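The file start38.txt comes next; it holds compact mmCIF, C-alpha atoms.
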```txt
# COMPACT_ATOMS: atom_id res chain seq x y z
CA MET A 426 18.04 -54.92 -94.13
CA ILE A 427 21.13 -53.48 -92.41
CA PHE A 428 18.92 -51.66 -89.88
CA ASN A 429 17.05 -54.80 -89.01
CA ARG A 430 20.29 -56.72 -88.53
CA PHE A 431 21.63 -54.09 -86.19
CA SER A 432 18.47 -54.01 -84.10
CA ARG A 433 18.57 -57.79 -83.61
CA GLN A 434 21.99 -57.66 -81.89
CA LYS A 435 22.39 -58.47 -78.21
CA PRO A 436 21.72 -55.69 -75.67
CA SER A 437 25.31 -55.88 -74.31
CA LEU A 438 26.67 -54.52 -77.65
CA ARG A 439 24.27 -51.54 -77.50
CA SER A 440 25.47 -50.47 -73.97
CA GLN A 441 29.17 -50.54 -74.85
CA PRO A 442 29.47 -46.86 -76.02
CA PHE A 443 27.97 -45.63 -72.68
CA THR A 444 30.53 -47.64 -70.70
CA LEU A 445 33.40 -46.06 -72.63
CA LEU A 446 31.99 -42.55 -71.99
CA THR A 447 31.82 -43.22 -68.28
CA CYS A 448 35.44 -44.36 -68.15
CA CYS A 449 36.63 -41.25 -69.98
CA LEU A 450 34.82 -38.92 -67.58
CA SER A 451 36.22 -40.69 -64.52
CA ALA A 452 39.77 -40.45 -65.91
CA THR A 453 39.33 -36.74 -66.56
CA ALA A 454 38.13 -36.21 -63.01
CA ALA A 455 41.14 -38.08 -61.64
CA ASN A 456 43.55 -35.91 -63.64
CA THR A 457 41.79 -32.77 -62.44
CA THR A 458 42.10 -33.91 -58.83
CA ASN A 459 45.78 -34.56 -59.22
CA ASN A 460 46.32 -31.15 -60.84
CA SER A 461 44.32 -29.40 -58.09
CA SER A 462 46.29 -31.19 -55.39
CA LYS A 463 49.49 -29.99 -57.05
CA LEU A 464 48.17 -26.41 -56.94
CA TYR A 465 47.47 -26.69 -53.21
CA ASP A 466 51.00 -28.06 -52.66
CA HIS A 467 52.62 -25.46 -54.91
CA TYR A 468 50.91 -22.34 -53.47
CA SER A 469 50.53 -23.66 -49.88
CA PHE A 470 46.88 -22.72 -49.90
CA LYS A 471 44.61 -23.82 -47.06
CA PRO A 472 40.91 -23.27 -47.30
CA PRO A 473 39.33 -21.24 -44.48
CA PRO A 474 37.32 -23.08 -41.81
CA SER A 475 34.08 -21.76 -43.22
CA LEU A 476 34.74 -23.51 -46.54
CA SER A 477 36.24 -26.71 -45.18
CA PRO A 478 33.85 -29.69 -45.02
CA LYS A 479 34.66 -30.46 -41.37
CA PRO A 480 35.79 -27.30 -39.50
CA GLU A 481 38.20 -28.03 -36.73
CA ASN A 482 37.58 -26.82 -33.19
CA PRO A 483 40.12 -24.01 -32.60
CA ASN A 484 39.90 -24.40 -28.82
CA PRO A 485 39.12 -28.00 -27.91
CA THR A 486 39.45 -27.30 -24.17
CA LEU A 487 36.56 -24.83 -24.25
CA ASN A 488 33.94 -27.54 -24.09
CA PRO A 489 35.57 -30.62 -22.58
CA ASN A 490 32.27 -32.15 -21.54
CA LYS A 491 30.64 -33.73 -24.57
CA ASN A 492 27.35 -34.15 -22.72
CA PHE A 493 27.11 -30.43 -21.91
CA LYS A 494 23.92 -28.75 -23.19
CA LYS A 495 23.46 -25.01 -23.37
CA LYS A 496 20.55 -23.74 -21.31
CA SER A 497 17.74 -22.49 -23.46
CA LYS A 498 16.59 -18.92 -22.91
CA PRO A 499 13.19 -18.75 -21.21
CA GLN A 500 10.35 -17.49 -23.31
CA TYR A 501 9.14 -13.93 -22.82
CA ARG A 502 6.19 -13.70 -20.48
CA PRO A 503 4.24 -10.45 -20.38
CA PRO A 504 3.40 -9.04 -16.95
CA SER A 505 0.08 -10.14 -15.56
CA SER A 506 -2.14 -8.83 -12.81
CA LEU A 507 -2.30 -12.38 -11.46
CA ASP A 508 1.39 -12.32 -10.50
CA ALA A 509 2.05 -11.75 -6.82
CA PRO A 510 3.41 -8.17 -6.42
CA LYS A 511 6.36 -7.36 -4.22
CA LYS A 512 5.43 -5.78 -0.92
CA LYS A 513 6.93 -2.38 -0.12
CA TYR A 514 8.34 -1.89 3.34
CA THR A 515 8.63 1.61 4.73
CA ASP A 516 9.68 2.91 8.12
CA LEU A 517 7.84 6.24 8.01
CA PRO A 518 6.65 6.94 11.58
CA PHE A 519 3.04 7.95 10.86
CA ASP A 520 -0.22 6.41 9.71
CA PHE A 521 -0.92 6.53 5.97
CA ARG A 522 -4.10 8.44 5.11
CA TYR A 523 -5.51 9.79 1.89
CA SER A 524 -5.55 13.36 3.27
CA TYR A 525 -3.64 14.46 6.34
CA THR A 526 -5.25 17.89 6.68
CA GLU A 527 -8.90 17.02 5.94
CA THR A 528 -9.26 14.08 8.33
CA ASN A 529 -9.56 14.27 12.10
CA GLN A 530 -8.04 11.39 14.01
CA ASN A 531 -10.23 12.11 17.03
CA VAL A 532 -13.48 11.59 15.10
CA ARG A 533 -14.27 7.95 14.43
CA PRO A 534 -16.54 7.03 11.50
CA ILE A 535 -19.78 5.17 12.12
CA GLY A 536 -19.48 3.03 8.98
CA LEU A 537 -17.70 2.38 5.70
CA ARG A 538 -19.05 2.91 2.18
CA GLU A 539 -17.04 0.07 0.63
CA PRO A 540 -15.14 -3.06 1.68
CA LYS A 541 -11.66 -2.55 3.08
CA TYR A 542 -9.80 -2.55 -0.21
CA SER A 543 -6.33 -1.09 0.21
CA PRO A 544 -5.84 1.91 -2.15
CA PHE A 545 -2.17 0.89 -2.43
CA GLY A 546 -3.19 -2.23 -4.34
CA PRO A 547 -3.69 -5.80 -3.15
CA GLY A 548 -0.58 -7.18 -1.48
CA ARG A 549 1.60 -4.13 -2.26
CA LEU A 550 2.01 -2.80 1.29
CA GLU A 551 2.91 -4.56 4.51
CA ARG A 552 0.40 -2.42 6.45
CA GLU A 553 -3.25 -3.35 6.68
CA TRP A 554 -5.88 -0.88 5.44
CA THR A 555 -8.56 -0.26 8.07
CA GLY A 556 -10.91 1.64 5.76
CA VAL A 557 -9.61 4.99 7.05
CA CYS A 558 -5.84 4.64 7.33
CA ALA A 559 -2.92 2.22 7.24
CA PRO A 560 -1.57 2.36 10.82
CA ALA A 561 2.16 2.25 11.46
CA ALA A 562 2.00 1.11 15.10
CA ASP A 563 0.20 -2.19 14.70
CA PRO A 564 0.14 -3.56 11.12
CA LYS A 565 -2.44 -6.20 12.13
CA VAL A 566 -5.15 -3.65 12.94
CA LYS A 567 -8.06 -4.38 10.61
CA SER A 568 -10.84 -2.04 11.76
CA ALA A 569 -11.23 1.68 12.21
CA GLU A 570 -12.27 1.35 15.85
CA GLU A 571 -9.18 -0.57 16.94
CA GLY A 572 -6.18 1.27 18.30
CA ALA A 573 -5.08 4.87 17.81
CA GLU A 574 -1.76 6.30 16.70
CA ASP A 575 1.17 5.27 18.86
CA PRO A 576 2.26 8.27 21.02
CA ASN A 577 5.91 7.27 20.52
CA LEU A 578 5.61 7.94 16.80
CA GLU A 579 5.37 11.69 17.37
CA GLU A 580 8.62 11.69 19.35
CA LYS A 581 10.27 9.65 16.62
CA ARG A 582 9.13 12.15 13.96
CA ILE A 583 10.59 15.03 15.98
CA LEU A 584 13.95 13.27 16.27
CA VAL A 585 14.05 12.46 12.55
CA ARG A 586 13.14 16.04 11.65
CA GLU A 587 15.83 17.51 13.91
CA ARG A 588 18.46 15.20 12.42
CA ILE A 589 17.53 16.17 8.85
CA GLN A 590 17.22 19.90 9.52
CA GLY A 591 20.57 20.30 11.27
CA GLU A 592 21.62 23.83 12.19
CA PRO A 593 18.99 26.53 11.60
CA LEU A 594 19.28 28.81 8.59
CA THR A 595 20.66 32.29 8.91
CA ASN A 596 18.56 35.21 7.72
CA ALA A 597 20.77 35.67 4.66
CA GLU A 598 20.45 31.99 3.69
CA ARG A 599 16.71 32.04 4.21
CA LYS A 600 16.23 35.13 2.06
CA ALA A 601 18.40 33.69 -0.69
CA LEU A 602 16.27 30.53 -0.79
CA VAL A 603 13.04 32.53 -0.82
CA GLU A 604 14.31 34.67 -3.70
CA LYS A 605 14.99 31.52 -5.75
CA CYS A 606 11.36 30.46 -5.27
CA HIS A 607 9.89 33.69 -6.64
CA ARG A 608 7.47 33.36 -9.48
CA ASN A 609 9.77 35.22 -11.86
CA ARG A 610 12.68 32.91 -10.97
CA THR A 611 11.13 29.45 -11.25
CA LYS A 612 7.90 27.82 -12.39
CA ARG A 613 8.24 24.87 -10.03
CA GLN A 614 5.22 24.81 -7.76
CA ILE A 615 2.99 22.34 -5.94
CA ASN A 616 -0.72 23.16 -5.78
CA LEU A 617 -2.60 22.17 -2.62
CA GLY A 618 -6.33 22.12 -3.36
CA ARG A 619 -9.62 21.07 -1.79
CA ASP A 620 -8.29 17.64 -0.80
CA GLY A 621 -5.54 19.19 1.30
CA LEU A 622 -2.20 17.49 1.84
CA THR A 623 -2.72 14.10 0.21
CA HIS A 624 -0.46 11.08 0.60
CA ASN A 625 0.83 11.13 -2.98
CA MET A 626 1.73 14.80 -2.58
CA LEU A 627 4.52 13.78 -0.19
CA ASN A 628 6.21 11.99 -3.08
CA ASP A 629 5.85 15.10 -5.27
CA ILE A 630 7.55 17.24 -2.62
CA HIS A 631 10.52 14.87 -2.40
CA ASN A 632 10.77 14.84 -6.21
CA HIS A 633 11.03 18.65 -6.19
CA TRP A 634 13.69 18.50 -3.50
CA LYS A 635 15.92 16.57 -5.89
CA HIS A 636 16.46 19.71 -7.94
CA ALA A 637 16.19 22.50 -5.36
CA GLU A 638 16.58 22.98 -1.62
CA ALA A 639 13.17 24.65 -1.29
CA VAL A 640 9.85 24.30 -3.05
CA ARG A 641 6.94 26.72 -3.43
CA ILE A 642 3.50 25.46 -2.38
CA LYS A 643 0.27 27.26 -3.31
CA CYS A 644 -2.67 26.54 -0.98
CA LEU A 645 -6.25 27.20 -2.07
CA GLY A 646 -9.68 25.94 -1.14
CA VAL A 647 -11.12 24.42 2.01
CA PRO A 648 -7.79 23.63 3.77
CA THR A 649 -6.90 27.34 3.94
CA VAL A 650 -9.56 27.86 6.64
CA ASP A 651 -7.02 26.39 9.07
CA MET A 652 -3.59 27.33 7.72
CA LYS A 653 -1.90 26.45 10.98
CA ASN A 654 -2.93 22.83 10.53
CA VAL A 655 -1.68 22.85 6.92
CA CYS A 656 1.73 24.17 7.95
CA PHE A 657 1.97 21.71 10.85
CA GLN A 658 1.11 18.70 8.68
CA LEU A 659 3.57 19.76 5.98
CA GLU A 660 6.43 19.98 8.46
CA ASP A 661 5.36 16.87 10.36
CA LYS A 662 4.97 14.52 7.36
CA THR A 663 7.83 15.76 5.14
CA PHE A 664 10.33 16.57 7.96
CA GLY A 665 10.90 19.94 6.28
CA LYS A 666 10.60 23.52 7.56
CA ILE A 667 8.50 26.41 6.31
CA ILE A 668 10.75 29.45 5.86
CA PHE A 669 8.23 31.84 4.26
CA ARG A 670 4.46 32.32 4.24
CA HIS A 671 2.37 34.97 2.55
CA GLY A 672 -1.36 34.21 2.48
CA GLY A 673 -1.68 30.76 0.95
CA THR A 674 1.83 30.71 -0.53
CA LEU A 675 4.46 28.74 1.37
CA VAL A 676 8.14 27.95 0.86
CA LEU A 677 9.15 24.57 2.31
CA TYR A 678 12.84 23.96 3.00
CA ARG A 679 14.20 20.40 2.94
CA GLY A 680 16.98 20.75 5.56
CA ARG A 681 20.78 20.93 5.68
CA ASN A 682 21.34 17.18 6.11
CA TYR A 683 18.79 16.06 3.55
CA ASN A 684 20.16 13.48 1.10
CA PRO A 685 18.01 12.85 -2.01
CA LYS A 686 19.59 9.41 -2.46
CA LYS A 687 18.37 8.36 1.00
CA ARG A 688 14.86 9.74 0.69
CA PRO A 689 12.14 7.72 2.46
CA VAL A 690 10.17 5.08 0.61
CA ILE A 691 6.67 6.43 -0.02
CA PRO A 692 4.27 3.90 -1.57
CA LEU A 693 1.75 5.55 -3.86
CA MET A 694 -2.01 5.21 -3.67
CA LEU A 695 -3.42 3.81 -6.89
CA TRP A 696 -6.91 5.26 -6.41
CA ARG A 697 -8.85 7.50 -4.08
CA PRO A 698 -10.64 5.57 -1.33
CA HIS A 699 -14.27 6.36 -0.54
CA GLU A 700 -14.82 8.56 2.47
CA PRO A 701 -16.32 6.73 5.45
CA VAL A 702 -19.70 7.62 6.97
CA TYR A 703 -19.51 10.21 9.76
CA PRO A 704 -22.25 11.45 12.10
CA LYS A 705 -24.58 14.16 10.80
CA LEU A 706 -23.34 17.71 11.15
CA ILE A 707 -26.80 19.25 11.65
CA LYS A 708 -29.10 17.59 14.13
CA THR A 709 -32.87 17.80 14.24
CA THR A 710 -32.79 19.88 17.43
CA ILE A 711 -30.05 22.42 18.01
CA GLU A 712 -28.02 21.71 21.08
CA GLY A 713 -29.20 23.83 24.01
CA LEU A 714 -32.56 24.75 22.43
CA SER A 715 -36.01 23.24 22.45
CA ILE A 716 -37.86 22.12 19.34
CA GLU A 717 -39.89 25.36 19.12
CA GLU A 718 -36.83 27.56 19.58
CA THR A 719 -35.02 25.57 16.89
CA LYS A 720 -37.87 26.14 14.43
CA GLU A 721 -37.96 29.89 15.13
CA MET A 722 -34.20 30.22 14.65
CA ARG A 723 -34.27 28.35 11.34
CA LYS A 724 -37.13 30.52 10.08
CA ARG A 725 -35.06 33.70 10.38
CA ARG A 726 -31.87 32.15 9.01
CA LEU A 727 -32.14 33.90 5.64
CA ALA A 728 -33.16 37.24 7.24
CA VAL A 729 -29.69 37.57 8.76
CA PRO A 730 -27.41 39.85 6.71
CA VAL A 731 -24.59 38.13 4.87
CA LEU A 732 -21.25 38.42 6.61
CA THR A 733 -19.17 37.58 3.54
CA LYS A 734 -19.39 35.79 0.22
CA LEU A 735 -16.83 33.09 -0.44
CA VAL A 736 -15.35 33.88 -3.83
CA ALA A 737 -15.41 30.96 -6.26
CA THR A 738 -12.90 31.17 -9.11
CA ALA A 739 -12.93 29.12 -12.30
CA ALA A 740 -11.41 26.23 -10.34
CA LYS A 741 -13.92 26.83 -7.51
CA ASN A 742 -11.13 27.44 -5.01
CA GLY A 743 -10.21 30.52 -3.01
CA TYR A 744 -8.22 31.58 0.03
CA TYR A 745 -10.27 31.56 3.27
CA GLY A 746 -7.57 32.17 5.88
CA SER A 747 -9.37 35.14 7.46
CA LEU A 748 -12.80 33.51 7.72
CA VAL A 749 -12.57 32.26 11.32
CA PRO A 750 -11.49 35.65 12.81
CA MET A 751 -14.32 37.34 10.87
CA VAL A 752 -16.93 34.98 12.34
CA ARG A 753 -15.55 35.46 15.86
CA ASP A 754 -15.78 39.23 15.57
CA ALA A 755 -19.28 39.04 14.07
CA PHE A 756 -20.51 37.05 17.08
CA LEU A 757 -19.81 40.09 19.27
CA VAL A 758 -22.67 41.90 17.50
CA SER A 759 -25.06 39.17 16.33
CA GLU A 760 -25.88 35.71 17.57
CA LEU A 761 -26.45 34.38 14.03
CA VAL A 762 -23.94 34.62 11.17
CA ARG A 763 -24.65 33.76 7.54
CA ILE A 764 -22.01 33.06 4.91
CA ASP A 765 -22.93 33.02 1.23
CA CYS A 766 -21.42 29.99 -0.58
CA GLN A 767 -23.12 30.20 -3.98
CA GLY A 768 -20.99 28.57 -6.66
CA LEU A 769 -19.15 26.24 -4.30
CA GLU A 770 -19.47 22.49 -4.21
CA ARG A 771 -21.84 21.18 -1.56
CA SER A 772 -19.12 19.00 -0.07
CA ASP A 773 -16.81 22.04 0.12
CA TYR A 774 -19.06 24.31 2.15
CA LYS A 775 -20.03 21.42 4.39
CA LYS A 776 -16.34 20.92 5.20
CA ILE A 777 -15.99 24.66 5.80
CA GLY A 778 -18.94 24.55 8.22
CA CYS A 779 -17.38 21.60 10.04
CA LYS A 780 -14.12 23.53 10.44
CA LEU A 781 -15.96 26.61 11.72
CA ARG A 782 -17.79 24.47 14.28
CA ASP A 783 -14.48 23.24 15.72
CA LEU A 784 -12.35 26.38 15.35
CA VAL A 785 -14.65 29.28 16.28
CA PRO A 786 -16.37 27.37 18.11
CA CYS A 787 -20.05 27.58 17.13
CA ILE A 788 -23.16 25.52 16.41
CA LEU A 789 -24.29 24.77 12.85
CA VAL A 790 -27.90 25.72 12.05
CA THR A 791 -28.40 24.90 8.34
CA PHE A 792 -26.77 24.47 4.92
CA GLU A 793 -29.88 25.17 2.86
CA LYS A 794 -29.75 27.27 -0.33
CA GLU A 795 -25.94 27.21 -0.41
CA GLN A 796 -25.73 29.19 2.84
CA ILE A 797 -23.80 28.46 6.03
CA VAL A 798 -25.73 29.67 9.08
CA VAL A 799 -24.05 29.29 12.48
CA TRP A 800 -25.16 30.20 16.00
CA ARG A 801 -22.76 31.37 18.67
CA GLY A 802 -24.56 29.62 21.55
CA LYS A 803 -25.94 30.92 24.84
CA ASP A 804 -22.74 31.48 26.78
CA TYR A 805 -20.40 32.74 24.08
CA LYS A 806 -17.04 34.27 24.98
CA HIS A 807 -14.67 35.67 22.42
CA PRO A 808 -11.47 33.58 22.62
CA GLY A 809 -9.36 36.60 21.74
CA ASP A 810 -5.90 36.26 20.21
CA ASP A 811 -5.09 32.73 21.34
CA GLY A 812 -2.27 32.29 18.82
CA GLN A 813 -4.17 29.55 17.02
CA PHE A 814 -4.26 31.40 13.71
CA PHE A 815 -1.52 32.98 11.65
CA THR A 816 -1.44 36.53 10.45
CA HIS A 817 -1.78 37.16 6.74
CA ARG A 818 1.99 37.41 6.49
CA GLU A 819 4.48 35.76 8.81
CA LEU A 820 8.11 36.76 9.39
CA PHE A 821 10.77 34.14 10.01
CA ASP A 822 13.75 36.38 10.78
CA ASP A 823 15.85 35.56 13.81
CA PRO A 824 16.46 38.82 15.78
CA GLU A 825 19.47 37.31 17.52
CA ASN A 826 21.16 36.48 14.23
CA ASP A 827 23.39 39.38 13.17
CA SER A 828 24.47 37.80 9.90
CA ALA A 829 21.33 38.98 8.11
CA CYS A 830 21.86 41.49 5.36
CA GLY A 831 19.10 44.04 4.88
CA VAL A 832 15.56 43.96 6.14
CA GLU A 833 12.58 41.84 5.19
CA GLU A 834 11.05 44.50 2.95
CA GLU A 835 14.17 44.75 0.80
CA VAL A 836 14.11 41.04 -0.06
CA MET A 837 10.38 40.43 -0.28
CA GLY A 838 9.63 43.78 -1.87
CA ASP A 839 6.46 45.81 -1.66
CA SER A 840 2.91 44.65 -2.26
CA SER A 841 3.41 44.66 -6.03
CA SER A 842 6.35 42.27 -5.76
CA GLN A 843 4.26 40.09 -3.46
CA GLN A 844 1.69 39.75 -6.20
CA ASP A 845 4.43 38.60 -8.55
CA PHE A 846 5.50 35.99 -6.01
CA CYS A 847 2.04 34.45 -5.74
CA SER A 848 0.66 32.10 -8.37
CA GLY A 849 -1.41 33.29 -11.29
CA ASP A 850 -4.43 31.50 -9.84
CA ASP A 851 -5.14 34.59 -7.72
CA GLU A 852 -5.81 36.71 -10.75
```

So, in terms of structure tokens, how does the structure I just supplied come out?
Amino acid sequence: MIFNRFSRQKPSLRSQPFTLLTCCLSATAANTTNNSSKLYDHYSFKPPPSLSPKPENPNPTLNPNKNFKKKSKPQYRPPSSLDAPKKKYTDLPFDFRYSYTETNQNVRPIGLREPKYSPFGPGRLEREWTGVCAPAADPKVKSAEEGAEDPNLEEKRILVRERIQGEPLTNAERKALVEKCHRNRTKRQINLGRDGLTHNMLNDIHNHWKHAEAVRIKCLGVPTVDMKNVCFQLEDKTFGKIIFRHGGTLVLYRGRNYNPKKRPVIPLMLWRPHEPVYPKLIKTTIEGLSIEETKEMRKRRLAVPVLTKLVATAAKNGYYGSLVPMVRDAFLVSELVRIDCQGLERSDYKKIGCKLRDLVPCILVTFEKEQIVVWRGKDYKHPGDDGQFFTHRELFDDPENDSACGVEEEVMGDSSSQQDFCSGDDE
């Protein structure tokens, strides 16, 4: 009965206890706030800016413009081959070629094996690639037949080389530099192989000159047939000076006034360009002979005794500096000379035959069965000692310079020390 009476009361009476509870809690909160405010006033405590609800700006003058918006950092973009590369500008006074010793500027190709794609990369060099070279005289030349090297460039190279070299070395200075380049003193060496003095090798030489005044260069393979051309191209393209030569081993000096920080800009070739098409080396009929005489001479090509065998090492490279004088002397006895080239690449002994044709001079008969057979011609005259070829060992001492200490043999040593100087590739 009592329960039913209580349940029938008005809803306002049932919500009265909850209203009283709410008032008590609010009063307690007010007292707590007053007590906390007294604590702040008593201890002089100020909350740090990180805990305050609205941190104040410590330096309001730092950003006076309310509309100022910080620039957003651009998103990272990986490099792409589609981006336009920056062109490299260089003032080197010579035409850029893949090989400076194995190409003849006087011989023009009869065709190209590929389109004229620049080996320096598309748009990376201000010079135009003609398929053979990148000329320095006229950058707008676009074919191999147009224009030759500017004759003023050679004079400019001579002036630049004289400025870099400065005063010549004394004998004592030269010997000291050569001693530092001995094999037992340093392992730094540049190897010049069947491709000769390539364009990228110029950059390697300048990199070596950062650490030493002279660099040792080891020459092997086809270019050693004409060592005079190798030495000339090294001095002409690097503006250095050769201060020692023994066989195929050279020491190239950078010069007194050389500054590594002001080295020339040498753009690198990214790939090897295809060689152009040149006229045939061996013609159907030998020059100066009839068809029947040509057939008879080619029949007895293998009956001729072998003059020499070109040694092929594991790397298929050797030193052939004495080959041209040997062929010249052999022509005094026989009209045909045969050279055994077994083990060599076909392209290598073809290049050797081409060099013999121009240097001896002689006429090529055949390249069959890895043999080089050459004919001296009808009216052959021995050129004698024309100074075109170096001796096996060349001295660079200045007889008028009295500041030299000792003689050449004391610094360079005997033959055993010479073997130590040369690279291990000779073994």

- Please, what distance in Å, to one decimal, runs between CA of Lys724 (chain A) and CA of Leu757 (chain A)?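 If I compute the distance from CA of Lys724 (chain A) to CA of Leu757 (chain A), I get 21.8 Å.
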
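All residues of protein, DNA or RNA that reach within 12 Å of Asp629 (chain A), judged by all atoms listed in the file and not counting those fewer than 3 positions away in the chain, are A:Arg613, A:Gln614, A:Ile615, A:Asn616, A:Leu617, A:Leu622, A:Thr623, A:His624, A:Asn625, A:Met626, A:Asn632, A:His633, A:Trp634, A:Lys635, A:His636, A:Val640, A:Arg641, A:Ile642, A:Thr663, A:Ile691, A:Pro692, A:Leu693.
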
- Between CA of Leu659 (chain A) and CA of Ile630 (chain A), measure the distance and give it in Å to one decimal.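 Result for CA of Leu659 (chain A) versus CA of Ile630 (chain A): 9.8 Å, one decimal.
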
- Message: Considering all atoms listed in the file, can you say which of A:Phe756, A:Phe664, A:Tyr523, A:Phe792 comes closest to Pro701 (chain A)?
- Response: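 Checking each of A:Phe756, A:Phe664, A:Tyr523, A:Phe792 against Pro701 (chain A), counting all atoms listed in the file, the winner is A:Tyr523.
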
- Message: List as a list of chain:residue names the protein and nucleic acid residues near region 740-749 of chain A, meaning an atom at most 7 Å away when all atoms listed in the file are counted, but skip any in the same chain fewer than 6 places from it.
- Response: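 Listed by chain and then number, they are A:Leu645, A:Gly646, A:Thr649, A:Val650, A:Asp651, A:Met652, A:Gly673, A:Leu769, A:Leu781, A:Val785.
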
- Query: If you measure from CA of Pro560 (chain A) to CA of Phe521 (chain A), what distance in Å do you get, rounded to one decimal?
  - Reply: 6.4 Å

Please report, as JSON, the centre and edge lengths in Å to one decimal of an axis-aligned box covering all listed atoms of region 574-587 of chain A with 8 Å per side.
```
{"center_x": 7.0, "center_y": 11.4, "center_z": 16.3, "size_x": 33.6, "size_y": 28.2, "size_z": 25.4}
```

- Taking all atoms listed in the file into account, which of A:Glu539, A:Val655, A:Pro534, A:Ile788 comes nearest Thr674 (chain A)?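 Closest residue, counting all atoms listed in the file: A:Val655.
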
- Item | Selected residue of minimal separation from Val758 (chain A) among A:Arg782, A:Arg801, A:Arg723, A:Arg608, counting all atoms listed in the file |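 For Val758 (chain A), the nearest of the given residues is A:Arg801.
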
- Nearest to Glu721 (chain A) among A:Leu627, A:Val585, A:Val790, A:Cys779, with distances taken over only C-alpha atoms: which residue is it? A:Val790

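The nearest approach to Gly672 (chain A) among the residues A:Ala639, A:Met694, A:Cys644, A:Cys656, with only C-alpha atoms taken into account, belongs to A:Cys644.
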
Please write a file for region 764-768 of chain A, taken from the block I just shared, that holds all heavy atoms and is laid out as a compact mmCIF listing (two decimals), in the first residue's frame.
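Output below, filename selection14.txt:
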```
# COMPACT_ATOMS: atom_id res chain seq x y z
N ILE A 764 104.67 -11.10 -91.34
CA ILE A 764 104.66 -10.95 -89.88
C ILE A 764 103.56 -11.85 -89.34
O ILE A 764 102.40 -11.75 -89.75
CB ILE A 764 104.41 -9.48 -89.47
CG1 ILE A 764 105.49 -8.58 -90.07
CG2 ILE A 764 104.37 -9.34 -87.96
CD1 ILE A 764 105.20 -7.11 -89.89
N ASP A 765 103.93 -12.72 -88.41
CA ASP A 765 102.98 -13.66 -87.82
C ASP A 765 102.21 -12.96 -86.70
O ASP A 765 102.80 -12.45 -85.74
CB ASP A 765 103.72 -14.87 -87.28
CG ASP A 765 102.77 -15.98 -86.85
OD1 ASP A 765 101.55 -15.78 -87.01
OD2 ASP A 765 103.24 -17.02 -86.36
N CYS A 766 100.87 -12.96 -86.79
CA CYS A 766 100.02 -12.28 -85.80
C CYS A 766 99.03 -13.24 -85.16
O CYS A 766 97.93 -12.83 -84.75
CB CYS A 766 99.26 -11.13 -86.46
SG CYS A 766 100.29 -9.89 -87.22
N GLN A 767 99.37 -14.51 -85.04
CA GLN A 767 98.46 -15.48 -84.45
C GLN A 767 98.22 -15.15 -82.97
O GLN A 767 99.16 -14.91 -82.22
CB GLN A 767 99.03 -16.90 -84.57
CG GLN A 767 99.04 -17.40 -86.00
CD GLN A 767 99.51 -18.84 -86.09
OE1 GLN A 767 99.85 -19.45 -85.09
NE2 GLN A 767 99.52 -19.39 -87.30
N GLY A 768 96.96 -15.13 -82.60
CA GLY A 768 96.58 -14.80 -81.23
C GLY A 768 96.11 -13.37 -81.06
O GLY A 768 95.54 -13.05 -80.01
```
